[in-house]
Amino acid sequence: MNKLLFLIIAIVALGWSAPVSAVERDLIRVAISRAADSVNLQGDGMLALRETGMAVVLPPAATVSVGHGQIMLDGTGYRRLRITAAGPIKVNTKSYRGVLELSASNGVLLVINELPLEDYLVGVINSEISSTWPMESVKAQAVIARTYAVAKRIERHGSPYHLEATVMDQVYSGSDLEDSRAARGVHETAGQVLTYHGKPIQAFYHATCGGKTEDSSHVWGAALPYLKGVDCQYCALGNSNTWEQTLSLSRLETALKVAGLTDIKLGSRNSRGRLKTVLLSTSHGTVTMPATKFRMAVGSTVIKSTNFTVRVDDGSAYFSGSGYGHGVGLCQWGAKQRALDGFSYSEILSYYYPGTELRILAPDAGF
């Protein structure tokens with residue numbers, strides 16, 4: 001490509017350009033790194049624009065670090081760099097489409113990937129499920145991932161980024177996991193979001209519910225009419241539908257920040273069968289802890305849900321549970337089975353989010 005032509009295209013992509021259409025403005029900003037001291041970048045024809053609008057040509061491989069409250073590149077400090085390339089840019093081990101924006105935040109690098117919403121979704125599919133699943137479940141995942149992203153873009157308007165690329169929001173691994181089935185699921189649902197009374201819903205979802213999805217009020221205290229919880233027998237064959245875990249009491253003491261832990265007992269359960277509280281017997285007495293807080297303190301990938309039993313014996317706690325995740329909204333493994341049973345993606349979505357309506361994300365929709 002002619003170097004001058006590439007420079008013009010790159011500057012337009014980086015955002016220093018004439019006004020663009022509503023479709024071109026349909027971007028999402030995803031924080032792909034928030035804690036690193038440095039990152040390695042690789043890409044063909046990488047070009048950066050600094051905060052002054054001046055272009056900075058990068059070599060095919062570059063290391064960006066933090067120093068003196070700035071980002072440092074080849075000994076020069078910058079407040080911000082917006083980087084594009086002729087193709088995807090590799091950040092350490094993962095590749096990303098669109099624009100990368102780097103800045104210093106609280107002494108570490110903040111790396112944001114800005115790209116069209118629909119391109120982002122293709123990168124989400126295989127990060128959250130498998131595109132080899134039945135296409136109707138892939139399409140259902142595309143719709144809820146789009147809805148979740150749009151709702152977060154509204155909620156975090158004016159913030160440096162709309163989403164994190166981790167389970168704190170929804171997992172996004174860049175372009176390396178893209179494939180034709182993921183792209184098909186996104187394309188065949190292009191622009192569709194789930195709405196309630198005309199507004200995008202809080203489209204929470206999880207891996208497997210273990211038989212019943214959860215009421216949002218039990219997890220976050222907010223009772224949303226489309227997140228009341230439904231019966232789900234479809235995830236019985238799902239990954240991690242049942243699980244077991246053995247943990248030493250000393251490890252639990254550290255995680256829970258309690259001293260002299262001698263026993264763990266179960267508190268009451270809510271109407272969906274999940275624990276509301278856990279009772280910790282310690283050398284200082286009994287501590288009552290919300291089950292959701294207990295799970296997050298120990299580790300959400302260790303205690304996979306709040307639907308469990310526990311037995312303490314000889315210095316160890318033996319957990320047995322079902323389900324994986326907070327249980328609110330769509331059950332991904334349940335959606336897979338419903339698709340195998342012949343349900344369409346719209347039928348799957350209406351089951352897990354009762355009372356919602358599919359609408360097209362239009363430029364003048366106000367979200």
# chains A, B, ... in the order shown; residues from 1 in each chain; ligands from 1

$ residues_around --residues "region 205-212 of chain A" --least-positions-apart "4" --cutoff "6 Å" --atoms "only C-alpha atoms" --output "JSON, numbers by chain"
{"A": [230, 231, 232, 233, 241, 322, 323, 324, 325, 327, 328, 329, 330, 331, 332, 333]}

$ select_by_dssp --residues "region 150-245 of chain A" --states "helix (DSSP H, G or I)" --output "ChimeraX atom specification"
/A:150-155,180-187,216-220

$ closest_residue --among "A:Gly342, A:Gly191, A:Gly174, A:Pro290" --to "Ala31 (chain A)" --atoms "only C-alpha atoms"
A:Gly174

$ residues_around --residues "Ser131 (chain A)" --least-positions-apart "5" --cutoff "8 Å" --atoms "only C-alpha atoms" --output "list in words"
Ile125, Asn126, Val138, Asp179, Arg181 and Ala182 of chain A

$ residues_around --residues "Ala140 (chain A)" --least-positions-apart "6" --cutoff "9 Å" --atoms "only C-alpha atoms" --output "PyMOL selection string"
chain A and resi 185+189+335+344-346+348-349

$ atom_distance --atom1 "CA of Ala222 (chain A)" --atom2 "CA of Ile303 (chain A)"
23.1 Å

$ residues_around --residues "Gly321 (chain A)" --least-positions-apart "2" --cutoff "6 Å" --atoms "only C-alpha atoms" --output "ChimeraX atom specification"
/A:242-243,307-308

$ write_last_selection --atoms "all heavy atoms" --output "PDB file, in the first residue's frame"
ATOM      1  N   THR A 242     -22.134 -30.387  38.247  1.00  0.00           N
ATOM      2  CA  THR A 242     -21.837 -30.747  39.636  1.00  0.00           C
ATOM      3  C   THR A 242     -20.331 -30.632  39.846  1.00  0.00           C
ATOM      4  O   THR A 242     -19.544 -30.824  38.915  1.00  0.00           O
ATOM      5  CB  THR A 242     -22.299 -32.172  39.970  1.00  0.00           C
ATOM      6  OG1 THR A 242     -21.635 -33.103  39.116  1.00  0.00           O
ATOM      7  CG2 THR A 242     -23.816 -32.297  39.782  1.00  0.00           C
ATOM      8  N   TRP A 243     -19.942 -30.317  41.056  1.00  0.00           N
ATOM      9  CA  TRP A 243     -18.527 -30.135  41.332  1.00  0.00           C
ATOM     10  C   TRP A 243     -18.215 -30.477  42.785  1.00  0.00           C
ATOM     11  O   TRP A 243     -19.108 -30.503  43.637  1.00  0.00           O
ATOM     12  CB  TRP A 243     -18.091 -28.693  41.038  1.00  0.00           C
ATOM     13  CG  TRP A 243     -18.933 -27.634  41.704  1.00  0.00           C
ATOM     14  CD1 TRP A 243     -20.061 -27.058  41.204  1.00  0.00           C
ATOM     15  CD2 TRP A 243     -18.735 -27.061  43.007  1.00  0.00           C
ATOM     16  NE1 TRP A 243     -20.577 -26.151  42.095  1.00  0.00           N
ATOM     17  CE2 TRP A 243     -19.777 -26.129  43.211  1.00  0.00           C
ATOM     18  CE3 TRP A 243     -17.779 -27.233  44.010  1.00  0.00           C
ATOM     19  CZ2 TRP A 243     -19.887 -25.379  44.388  1.00  0.00           C
ATOM     20  CZ3 TRP A 243     -17.888 -26.485  45.184  1.00  0.00           C
ATOM     21  CH2 TRP A 243     -18.918 -25.566  45.353  1.00  0.00           C
ATOM     22  N   ASN A 307     -24.770 -22.871  45.515  1.00  0.00           N
ATOM     23  CA  ASN A 307     -25.594 -24.060  45.755  1.00  0.00           C
ATOM     24  C   ASN A 307     -24.658 -25.216  46.108  1.00  0.00           C
ATOM     25  O   ASN A 307     -24.203 -25.955  45.234  1.00  0.00           O
ATOM     26  CB  ASN A 307     -26.427 -24.402  44.516  1.00  0.00           C
ATOM     27  CG  ASN A 307     -27.427 -25.519  44.791  1.00  0.00           C
ATOM     28  OD1 ASN A 307     -27.571 -25.969  45.925  1.00  0.00           O
ATOM     29  ND2 ASN A 307     -28.107 -25.959  43.756  1.00  0.00           N
ATOM     30  N   PHE A 308     -24.335 -25.330  47.411  1.00  0.00           N
ATOM     31  CA  PHE A 308     -23.391 -26.372  47.817  1.00  0.00           C
ATOM     32  C   PHE A 308     -23.690 -26.853  49.232  1.00  0.00           C
ATOM     33  O   PHE A 308     -24.445 -26.226  49.990  1.00  0.00           O
ATOM     34  CB  PHE A 308     -21.942 -25.861  47.732  1.00  0.00           C
ATOM     35  CG  PHE A 308     -21.621 -24.699  48.649  1.00  0.00           C
ATOM     36  CD1 PHE A 308     -21.302 -24.901  50.003  1.00  0.00           C
ATOM     37  CD2 PHE A 308     -21.605 -23.401  48.157  1.00  0.00           C
ATOM     38  CE1 PHE A 308     -20.994 -23.836  50.833  1.00  0.00           C
ATOM     39  CE2 PHE A 308     -21.301 -22.328  48.981  1.00  0.00           C
ATOM     40  CZ  PHE A 308     -20.999 -22.548  50.323  1.00  0.00           C
TER      41      PHE A 308
END

$ closest_residue --among "A:Gln141, A:Thr306, A:Ser95, A:Thr254" --to "Glu178 (chain A)" --atoms "only C-alpha atoms"
A:Ser95

$ residues_around --residues "Gly98 (chain A)" --least-positions-apart "6" --cutoff "10 Å" --atoms "only C-alpha atoms" --output "PDB file with N, CA and C atoms, in the first residue's frame"
ATOM      1  N   ALA A  13      -8.765   6.224  10.980  1.00  0.00           N
ATOM      2  CA  ALA A  13      -9.102   5.152  11.923  1.00  0.00           C
ATOM      3  C   ALA A  13      -8.827   5.563  13.353  1.00  0.00           C
ATOM      4  N   LEU A  14      -7.773   6.351  13.555  1.00  0.00           N
ATOM      5  CA  LEU A  14      -7.396   6.746  14.898  1.00  0.00           C
ATOM      6  C   LEU A  14      -8.299   7.816  15.480  1.00  0.00           C
ATOM      7  N   LEU A  27     -18.997   2.227  18.130  1.00  0.00           N
ATOM      8  CA  LEU A  27     -17.781   1.606  18.629  1.00  0.00           C
ATOM      9  C   LEU A  27     -17.956   1.171  20.076  1.00  0.00           C
ATOM     10  N   ILE A  83      -2.985   3.739  18.532  1.00  0.00           N
ATOM     11  CA  ILE A  83      -2.181   2.971  17.574  1.00  0.00           C
ATOM     12  C   ILE A  83      -3.085   2.154  16.658  1.00  0.00           C
ATOM     13  N   THR A  84      -2.772   2.184  15.371  1.00  0.00           N
ATOM     14  CA  THR A  84      -3.430   1.318  14.405  1.00  0.00           C
ATOM     15  C   THR A  84      -2.362   0.673  13.544  1.00  0.00           C
ATOM     16  N   ALA A  85      -2.768  -0.268  12.707  1.00  0.00           N
ATOM     17  CA  ALA A  85      -1.829  -0.972  11.844  1.00  0.00           C
ATOM     18  C   ALA A  85      -2.570  -1.479  10.624  1.00  0.00           C
ATOM     19  N   ALA A  86      -1.817  -2.061   9.679  1.00  0.00           N
ATOM     20  CA  ALA A  86      -2.422  -2.590   8.462  1.00  0.00           C
ATOM     21  C   ALA A  86      -3.286  -3.810   8.742  1.00  0.00           C
ATOM     22  N   GLY A  87      -3.059  -4.472   9.853  1.00  0.00           N
ATOM     23  CA  GLY A  87      -3.844  -5.636  10.263  1.00  0.00           C
ATOM     24  C   GLY A  87      -3.951  -5.660  11.771  1.00  0.00           C
ATOM     25  N   PRO A  88      -4.318  -6.807  12.354  1.00  0.00           N
ATOM     26  CA  PRO A  88      -4.393  -6.887  13.813  1.00  0.00           C
ATOM     27  C   PRO A  88      -3.055  -6.564  14.473  1.00  0.00           C
ATOM     28  N   ILE A  89      -3.134  -6.041  15.690  1.00  0.00           N
ATOM     29  CA  ILE A  89      -1.946  -5.741  16.484  1.00  0.00           C
ATOM     30  C   ILE A  89      -1.878  -6.748  17.627  1.00  0.00           C
ATOM     31  N   ASN A 113      -8.874  -1.351  23.763  1.00  0.00           N
ATOM     32  CA  ASN A 113      -9.118  -1.722  22.366  1.00  0.00           C
ATOM     33  C   ASN A 113     -10.446  -1.093  21.942  1.00  0.00           C
ATOM     34  N   GLU A 114     -10.386  -0.193  20.973  1.00  0.00           N
ATOM     35  CA  GLU A 114     -11.583   0.453  20.445  1.00  0.00           C
ATOM     36  C   GLU A 114     -11.858  -0.124  19.056  1.00  0.00           C
ATOM     37  N   LEU A 115     -13.049  -0.653  18.872  1.00  0.00           N
ATOM     38  CA  LEU A 115     -13.378  -1.300  17.601  1.00  0.00           C
ATOM     39  C   LEU A 115     -14.888  -1.322  17.414  1.00  0.00           C
ATOM     40  N   PRO A 116     -15.360  -1.603  16.190  1.00  0.00           N
ATOM     41  CA  PRO A 116     -16.802  -1.707  15.977  1.00  0.00           C
ATOM     42  C   PRO A 116     -17.423  -2.785  16.861  1.00  0.00           C
ATOM     43  N   ASP A 119     -17.608  -6.358  15.434  1.00  0.00           N
ATOM     44  CA  ASP A 119     -16.313  -7.048  15.395  1.00  0.00           C
ATOM     45  C   ASP A 119     -15.940  -7.556  16.781  1.00  0.00           C
ATOM     46  N   TYR A 120     -16.184  -6.744  17.786  1.00  0.00           N
ATOM     47  CA  TYR A 120     -15.933  -7.159  19.174  1.00  0.00           C
ATOM     48  C   TYR A 120     -16.687  -8.436  19.510  1.00  0.00           C
TER      49      TYR A 120
END

$ atom_distance --atom1 "CA of Gly334 (chain A)" --atom2 "CA of Ser350 (chain A)"
13.3 Å

$ closest_residue --among "A:Gly260, A:Gly267, A:Gly67, A:Gly43" --to "Gly107 (chain A)" --atoms "only C-alpha atoms"
A:Gly67

$ residues_around --residues "Thr277 (chain A)" --least-positions-apart "3" --cutoff "10 Å" --atoms "only C-alpha atoms" --output "PyMOL selection string"
chain A and resi 265-270+274+280+288-294+306

$ write_last_selection --atoms "C-alpha atoms" --output "mmCIF file, in the first residue's frame"
data_model
loop_
_atom_site.group_PDB
_atom_site.id
_atom_site.type_symbol
_atom_site.label_atom_id
_atom_site.label_comp_id
_atom_site.auth_asym_id
_atom_site.auth_seq_id
_atom_site.Cartn_x
_atom_site.Cartn_y
_atom_site.Cartn_z
ATOM 1 C CA LYS A 265 -22.046 -24.631 58.649
ATOM 2 C CA LEU A 266 -24.749 -23.808 56.168
ATOM 3 C CA GLY A 267 -27.220 -21.015 56.769
ATOM 4 C CA SER A 268 -30.648 -20.640 55.189
ATOM 5 C CA ARG A 269 -31.431 -21.038 51.501
ATOM 6 C CA ASN A 270 -33.471 -18.759 49.294
ATOM 7 C CA ARG A 274 -29.118 -21.344 46.846
ATOM 8 C CA LEU A 280 -18.039 -19.666 60.209
ATOM 9 C CA THR A 288 -22.250 -15.042 59.573
ATOM 10 C CA MET A 289 -21.231 -14.265 56.004
ATOM 11 C CA PRO A 290 -23.403 -13.809 52.896
ATOM 12 C CA ALA A 291 -22.892 -16.828 50.657
ATOM 13 C CA THR A 292 -22.149 -14.639 47.646
ATOM 14 C CA LYS A 293 -19.394 -12.867 49.596
ATOM 15 C CA PHE A 294 -18.032 -16.220 50.816
ATOM 16 C CA THR A 306 -23.696 -20.782 46.101
#

$ select_by_dssp --residues "region 62-142 of chain A" --states "strand (DSSP E or B)" --output "VMD selection string"
chain A and resid 62 to 67 70 to 73 76 to 78 80 to 84 89 to 91 94 to 96 99 to 105 108 to 116

$ closest_residue --among "A:Gln245, A:Ser281, A:Gln337, A:Ser103" --to "Thr309 (chain A)" --atoms "only C-alpha atoms"
A:Gln245

$ closest_residue --among "A:Ala339, A:Ile144, A:Leu163, A:Ala255" --to "Ile201 (chain A)" --atoms "only C-alpha atoms"
A:Ile144

$ atom_distance --atom1 "CA of Ser300 (chain A)" --atom2 "CA of Met168 (chain A)"
11.2 Å

$ closest_residue --among "A:Met72, A:Val30, A:Ala61, A:Val278" --to "Asp44 (chain A)" --atoms "only C-alpha atoms"
A:Ala61
